[in-house]
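Below is one structure, written out as structure tokens; comments come after it.
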Amino acid sequence: MEEIIKIIGIGLTALVIIIILKQYKPEYAIYVSIIAGILILFFAMEKISGIVNLLQSISDKTYINKTFLSILLKITGIAFITEFAVSVCSDAGEKAIASKIEIGSKVIIVTMSIPIITSLLELIIEILP
């Protein structure tokens with residue numbers, strides 16, 4: 001609960017600063033947005049590392065393929081980083097660049113997920129008569 005209060009506090013403080021800056025120095029508003037985003041990601045990383053440790057612990061106790069777990073964690077990381085970059089680009093008014101980042105990340109995610117998709121299809125083929 002404490003972390004969400006910090007995250008909301010950072011976000012609202014940045015919002016007030018950005019609103020004030022846009023009146024006098026609008027070119028600095030994007031820097032405040034980026035710094036606030038990085039701080040929020042920093043606080044979220046603690047929770048994300050806890051989730052990763054939990055998943056690795058579960059993986060050690062079961063027969064889950066560690067390669068697949070690694071791929072899923074990388075895909076999740078790519079999605080978070082992409083969302084951050086797209087938001088920064090959108091805040092800066094560069095929606096064209098934001099959409100290109102989204103397309104590029106989707107291609108990378110699909111490419112990375114091919115081993116998992118292939119394994120699932122092979123399993124389905126084995127099960128079907």
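All residue names refer to the structure tokens as shown: chains lettered A, B, ... in order, residues numbered from 1 in each chain, ligands numbered from 1 in order.
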(message) Please list as a PyMOL selection string every residue within 8 Å of region 46-59 of chain A, counting only C-alpha atoms and excluding residues in the same chain fewer than 5 positions away.
(response) chain A and resi 64-66+69+73
Take the residues that were just selected and, keeping C-alpha atoms, output them as an mmCIF file, in the first residue's frame.
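Final file, again_8.cif:
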data_model
loop_
_atom_site.group_PDB
_atom_site.id
_atom_site.type_symbol
_atom_site.label_atom_id
_atom_site.label_comp_id
_atom_site.auth_asym_id
_atom_site.auth_seq_id
_atom_site.Cartn_x
_atom_site.Cartn_y
_atom_site.Cartn_z
ATOM 1 C CA ILE A 64 8.213 -25.952 -16.070
ATOM 2 C CA ASN A 65 10.720 -25.376 -18.847
ATOM 3 C CA LYS A 66 13.055 -22.646 -17.599
ATOM 4 C CA LEU A 69 9.821 -18.902 -18.205
ATOM 5 C CA LEU A 73 9.758 -12.713 -18.379
#
(request) Please provide as a PyMOL selection string all residues within 12 Å of Val107 (chain A), with the sequence filter that same-chain residues fewer than 5 positions apart are discarded (counting only C-alpha atoms). (result) chain A and resi 75+78-79+100-102+112-114
Take the residues from that selection and write them out as an mmCIF file, in the first residue's frame, keeping C-alpha atoms.
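Ended up saving to again.cif:
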data_model
loop_
_atom_site.group_PDB
_atom_site.id
_atom_site.type_symbol
_atom_site.label_atom_id
_atom_site.label_comp_id
_atom_site.auth_asym_id
_atom_site.auth_seq_id
_atom_site.Cartn_x
_atom_site.Cartn_y
_atom_site.Cartn_z
ATOM 1 C CA ILE A 75 8.391 -10.498 -23.140
ATOM 2 C CA ILE A 78 9.666 -5.622 -23.274
ATOM 3 C CA ALA A 79 5.978 -4.801 -22.844
ATOM 4 C CA LYS A 100 6.556 2.727 -34.688
ATOM 5 C CA ILE A 101 7.905 1.690 -31.281
ATOM 6 C CA GLU A 102 4.702 -0.271 -30.661
ATOM 7 C CA MET A 112 10.420 -14.291 -29.161
ATOM 8 C CA SER A 113 7.235 -16.282 -28.525
ATOM 9 C CA ILE A 114 7.693 -18.621 -31.502
#
(request) Tell me which of A:Ser33, A:Ser119, A:Glu2, A:Thr62 sits closest to Val16 (chain A), counting only C-alpha atoms. (result)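 That would be A:Ser33, the residue with the smallest distance to Val16 (chain A).
The space separating CA of Ile19 (chain A) from CA of Ile35 (chain A) comes to 15.1 Å.
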